[in-house]
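Below is one structure; the comments refer to it alone.
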Amino acid sequence: MTNRPEYNTLRTFCILLLTLLGISAKAQNDSISKSKIAVEYTDKGFQFTTSDDRFQLHLESRFQFRFATPGDQNPLTLDDLESNEPVFKINRARLKVGGHAFQPYLKYYWEYELSQGNLLDFRVMFEKFPAFKIKVGQWKTYFNRERVISSGKQQLVDRSIITRPFTVDRQLGISFYGRLFEGSLADLTYHVSMLTGTGRGEVENDDSHFMYVGRLQWNFLGRELPMTGSDLSFYEKPTGLIAVGGVTNRSPYTRFSQAGGGQLFGLEDGLPGQYRVNQGLLETAFMYRGFSWQNEFHTKEIEDKVNGGTTRLTGSYYQAGYFFSNLWNVIPEPLELAARYARYTPNSDRSDFFEEEFALALNWFFKGGHRNKLTAEITVFDFQTETENLENTTRFRIQWDISF
């Protein structure tokens with residue numbers, strides 16, 4: 001398998017990057033023992049930095065406590081709507097380690113899920129040039145904003161119903177990215193990735209086909225938005241983006257998640273290379289003086305190379321949040337109101353077959369913003385299927401997310 005041309009290409013990039021790391025490490029090794037270590041607490045946890053700033057390490061822990069009733073997972077079928085079991089759990093327990101080595105532009109990061117025993121992220125980034133950066137390892141693929149934003153920096157308790165069918169999630173591979181024409185009306189951010197396309201934890205592909213992902217983001221006001229869901233920075237200047245993206249992949253899978261590759265409802269487990277998946281994305285986001293907006297439009301085509309046939313699906317969501325203390329002094333400053341509407345059509349040939357989500361949330365930001373946050377959310381789900389009339393169910397969730 002490793003003699004295939006695409007694997008040789010990936011291997012060549014990795015060897016080149018590791019050679020650069022080795023040269024830098026040898027040049028700096030003699031001075032490590034002479035450096036003093038500065039310790040401070042930052043928004044990335046406890047941080048250790050040498051006096052010459054050639055080495056830096058930050059350690060962070062994060063916990064997410066959640067109560068939900070009835071049930072917690074977004075429903076996939078009408079039967080799921082009938083669940084009435086309350087849930088209380090530690091939804092996430094993460095250990096995050098990152099920093100830089102030998103030079104400030106040679107960065108690293110890894111993240112481990114303690115509750116499930118999963119290594120989620122491990123990557124090394126070469127970021128010396130703003131217009132051209134390189135990343136190797138495993139991470140959440142830069143495709144759509146909703147998935148890339150950390151679950152600890154979202155406005156609602158969790159992501160929308162369209163995440164499951166459309167996310168590319170974590171993959172192993174190499175990425176080239178950067179920012180061009182910074183500060184101008186042509187300000188662009190780009191990401192181009194070549195990935196195994198078999199999901200988290202898979203170091204080998206199932207066939208000779210890689211996953212290719214591209215994202216082009218226009219920062220149309222000359223300012224770049226961070227990957228966060230609330231305007232805690234209270235932007236004094238309006239800041240927004242319009243982005244497009246595309247994915248092509250051939251694998252046994254029709255969807256991805258933190259658990260790795262899987263199948264969408266109604267599609268059978270695949271053989272190597274059985275499904276050719278092509279996706280497209282249009283995305284917008286905007287922040288200004290406590291107001292935040294983001295939305296996505298998705299389309300996806302799944303071609304079964306074994307049994308024949310093509311499935312087409314579409315989805316979208318619209319989300320906004322605002323700190324109303326900006327308008328009325330009686331409202332506490334740490335309180336944010338957020339709302340979301342999402343619609344998913346599993347088969348675009350059937351307009352009467354769809355799922356909808358209506359969600360309303362209140363966020364209370366303790367000192368530290370997203371690092372210490374309480375969220376209460378009410379969600380209504382609507383289903384329309386080929387055989388059933390429109391059904392409704394309401395779910396309540398409350399969550400405390402804390403990082404330190």
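By convention here, the chains of the structure tokens are called A, B, ... in the order presented, each chain's residues are numbered starting at 1, and ligands are numbered starting at 1 in the order presented.
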
Contact residues around range 328-333 of chain A with only C-alpha atoms at 12 Å, ignoring same-chain residues under 4 positions, as a CSV table (one decimal) with N, CA, C and O atoms, in the first residue's frame:
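Contents of the output file part_31.csv:
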chain,number,residue,atom,x,y,z
A,232,LEU,N,-17.6,38.0,22.4
A,232,LEU,CA,-17.1,38.4,23.7
A,232,LEU,C,-16.1,39.5,23.6
A,232,LEU,O,-15.8,40.2,24.6
A,234,PHE,N,-16.6,42.1,21.8
A,234,PHE,CA,-17.3,43.3,21.5
A,234,PHE,C,-16.7,44.1,20.5
A,234,PHE,O,-16.2,45.2,20.7
A,290,GLY,N,-21.2,43.0,20.2
A,290,GLY,CA,-22.0,42.1,21.0
A,290,GLY,C,-23.0,41.2,20.2
A,290,GLY,O,-23.5,40.3,20.7
A,322,TYR,N,-26.8,37.7,20.9
A,322,TYR,CA,-26.7,39.1,21.2
A,322,TYR,C,-26.7,39.3,22.8
A,322,TYR,O,-27.4,38.6,23.5
A,323,PHE,N,-25.8,40.2,23.2
A,323,PHE,CA,-25.8,40.7,24.6
A,323,PHE,C,-26.7,41.9,24.7
A,323,PHE,O,-26.3,43.0,24.4
A,324,PHE,N,-27.9,41.6,25.2
A,324,PHE,CA,-28.9,42.7,25.3
A,324,PHE,C,-28.7,43.8,26.3
A,324,PHE,O,-29.4,44.8,26.4
A,337,LEU,N,-28.2,36.0,24.8
A,337,LEU,CA,-29.3,35.2,24.2
A,337,LEU,C,-28.9,34.8,22.8
A,337,LEU,O,-28.4,35.6,22.0
A,362,LEU,N,-29.7,30.5,26.6
A,362,LEU,CA,-29.2,31.6,27.4
A,362,LEU,C,-27.8,31.2,27.9
A,362,LEU,O,-27.6,30.1,28.4
A,363,ASN,N,-26.8,32.1,27.7
A,363,ASN,CA,-25.5,31.9,28.2
A,363,ASN,C,-25.1,32.8,29.3
A,363,ASN,O,-25.4,34.0,29.2
A,364,TRP,N,-24.5,32.3,30.4
A,364,TRP,CA,-24.0,33.2,31.4
A,364,TRP,C,-22.5,32.9,31.5
A,364,TRP,O,-22.0,31.8,31.8
A,365,PHE,N,-21.7,34.0,31.2
A,365,PHE,CA,-20.3,33.9,31.1
A,365,PHE,C,-19.7,34.4,32.5
A,365,PHE,O,-19.8,35.6,32.8
A,366,PHE,N,-19.2,33.5,33.2
A,366,PHE,CA,-18.5,33.8,34.4
A,366,PHE,C,-17.1,34.5,34.0
A,366,PHE,O,-16.8,34.6,32.9
A,367,LYS,N,-16.4,34.9,35.0
A,367,LYS,CA,-15.1,35.5,34.7
A,367,LYS,C,-14.2,34.5,33.9
A,367,LYS,O,-14.1,33.3,34.3
A,369,GLY,N,-15.0,34.2,30.5
A,369,GLY,CA,-15.7,34.0,29.2
A,369,GLY,C,-16.1,32.5,28.9
A,369,GLY,O,-16.6,31.8,29.8

Exercise for the section: May I have the residues within 10 Å of Phe381 in chain A as a PyMOL selection string, using only C-alpha atoms and disregarding those fewer than 6 positions away in the same chain? Expected result: chain A and resi 74-75+81+161+342-343+355-359+390-395

Practice task
Please give the complete set of residues from range 155-302 of chain A that DSSP, run on the backbone, assigns to strand (DSSP E or B), formatted as a ChimeraX atom specification.
Solution key: /A:170-180,188-195,211-218,239-251,255-257,260-262,275-288,291-302

Keeping only C-alpha atoms, take the residues you just selected and write them out as an mmCIF file, in the first residue's frame.
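In the end it all went to result-v4.cif:
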data_model
loop_
_atom_site.group_PDB
_atom_site.id
_atom_site.type_symbol
_atom_site.label_atom_id
_atom_site.label_comp_id
_atom_site.auth_asym_id
_atom_site.auth_seq_id
_atom_site.Cartn_x
_atom_site.Cartn_y
_atom_site.Cartn_z
ATOM 1 C CA ARG A 170 -11.050 14.606 12.316
ATOM 2 C CA GLN A 171 -8.746 13.139 9.682
ATOM 3 C CA LEU A 172 -5.062 12.291 9.392
ATOM 4 C CA GLY A 173 -2.963 13.998 6.731
ATOM 5 C CA ILE A 174 -1.319 17.235 5.647
ATOM 6 C CA SER A 175 -2.667 20.738 5.124
ATOM 7 C CA PHE A 176 -1.452 23.973 3.538
ATOM 8 C CA TYR A 177 -3.050 27.207 4.693
ATOM 9 C CA GLY A 178 -2.500 30.915 5.139
ATOM 10 C CA ARG A 179 -3.831 34.424 4.781
ATOM 11 C CA LEU A 180 -3.378 36.606 1.710
ATOM 12 C CA LEU A 188 -8.441 35.871 1.958
ATOM 13 C CA THR A 189 -7.872 32.866 4.214
ATOM 14 C CA TYR A 190 -7.374 29.486 2.563
ATOM 15 C CA HIS A 191 -6.990 25.826 3.590
ATOM 16 C CA VAL A 192 -6.084 22.958 1.250
ATOM 17 C CA SER A 193 -5.803 19.467 2.737
ATOM 18 C CA MET A 194 -4.885 15.967 1.587
ATOM 19 C CA LEU A 195 -6.157 13.390 4.103
ATOM 20 C CA MET A 211 -9.752 12.767 0.715
ATOM 21 C CA TYR A 212 -9.218 16.267 -0.661
ATOM 22 C CA VAL A 213 -10.656 19.295 1.149
ATOM 23 C CA GLY A 214 -10.533 22.951 0.177
ATOM 24 C CA ARG A 215 -11.856 26.063 1.925
ATOM 25 C CA LEU A 216 -11.577 29.669 0.706
ATOM 26 C CA GLN A 217 -12.694 32.424 3.064
ATOM 27 C CA TRP A 218 -13.137 36.061 2.059
ATOM 28 C CA THR A 239 -16.069 41.912 11.040
ATOM 29 C CA GLY A 240 -17.401 39.253 8.719
ATOM 30 C CA LEU A 241 -16.646 36.507 6.249
ATOM 31 C CA ILE A 242 -18.042 34.614 3.291
ATOM 32 C CA ALA A 243 -16.571 31.170 2.681
ATOM 33 C CA VAL A 244 -16.930 28.336 0.184
ATOM 34 C CA GLY A 245 -15.643 24.812 0.557
ATOM 35 C CA GLY A 246 -15.524 21.466 -1.168
ATOM 36 C CA VAL A 247 -14.754 17.831 -0.286
ATOM 37 C CA THR A 248 -14.237 14.752 -2.408
ATOM 38 C CA ASN A 249 -13.530 11.312 -0.988
ATOM 39 C CA ARG A 250 -13.915 7.636 -1.789
ATOM 40 C CA SER A 251 -14.084 5.241 1.150
ATOM 41 C CA ARG A 255 -20.283 10.150 7.373
ATOM 42 C CA PHE A 256 -17.656 10.910 10.036
ATOM 43 C CA SER A 257 -17.677 11.756 13.735
ATOM 44 C CA GLY A 260 -14.351 7.752 13.171
ATOM 45 C CA GLY A 261 -16.055 6.607 9.985
ATOM 46 C CA GLY A 262 -19.701 5.498 9.913
ATOM 47 C CA TYR A 275 -18.854 5.280 -1.679
ATOM 48 C CA ARG A 276 -17.773 8.315 -3.657
ATOM 49 C CA VAL A 277 -18.784 11.384 -1.636
ATOM 50 C CA ASN A 278 -18.728 14.952 -2.974
ATOM 51 C CA GLN A 279 -19.729 17.909 -0.781
ATOM 52 C CA GLY A 280 -20.129 21.647 -1.184
ATOM 53 C CA LEU A 281 -20.413 24.477 1.360
ATOM 54 C CA LEU A 282 -21.417 28.141 1.445
ATOM 55 C CA GLU A 283 -20.922 29.900 4.783
ATOM 56 C CA THR A 284 -21.272 33.359 6.315
ATOM 57 C CA ALA A 285 -20.374 34.830 9.699
ATOM 58 C CA PHE A 286 -20.430 38.313 11.224
ATOM 59 C CA MET A 287 -19.763 40.037 14.576
ATOM 60 C CA TYR A 288 -20.248 43.603 15.772
ATOM 61 C CA PHE A 291 -23.989 40.727 18.024
ATOM 62 C CA SER A 292 -22.914 37.522 16.299
ATOM 63 C CA TRP A 293 -24.219 35.672 13.271
ATOM 64 C CA GLN A 294 -23.252 32.510 11.425
ATOM 65 C CA ASN A 295 -24.896 30.193 8.914
ATOM 66 C CA GLU A 296 -24.060 27.387 6.517
ATOM 67 C CA PHE A 297 -25.574 25.825 3.411
ATOM 68 C CA HIS A 298 -24.533 22.245 2.636
ATOM 69 C CA THR A 299 -25.028 19.880 -0.260
ATOM 70 C CA LYS A 300 -23.750 16.309 -0.441
ATOM 71 C CA GLU A 301 -23.835 13.584 -3.090
ATOM 72 C CA ILE A 302 -23.139 9.930 -2.285
#

Practice task
Could you please write out, as a list in words, every residue of range 87-155 of chain A that DSSP assigns to helix (DSSP H, G or I)?
Solution key: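 The residues of range 87-155 of chain A classed as helix (DSSP H, G or I) are Arg145, Glu146, Arg147, Val148, Ser151, Gly152 and Lys153 of chain A.
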
Handout entry: Residue neighbourhood range 84-97 of chain A, 7 Å, only C-alpha atoms, exclusion window fewer than 3 positions, as a list in words
Key = His58, Leu59, Glu60, Ser61, Arg62, Phe63, Gln64, Phe65, Arg66, Phe67, Ala68, Thr69, Pro70, Gly71, Asp72, Tyr109, Trp110, Glu111, Tyr112, Glu113, Leu114 and Ser115 of chain A
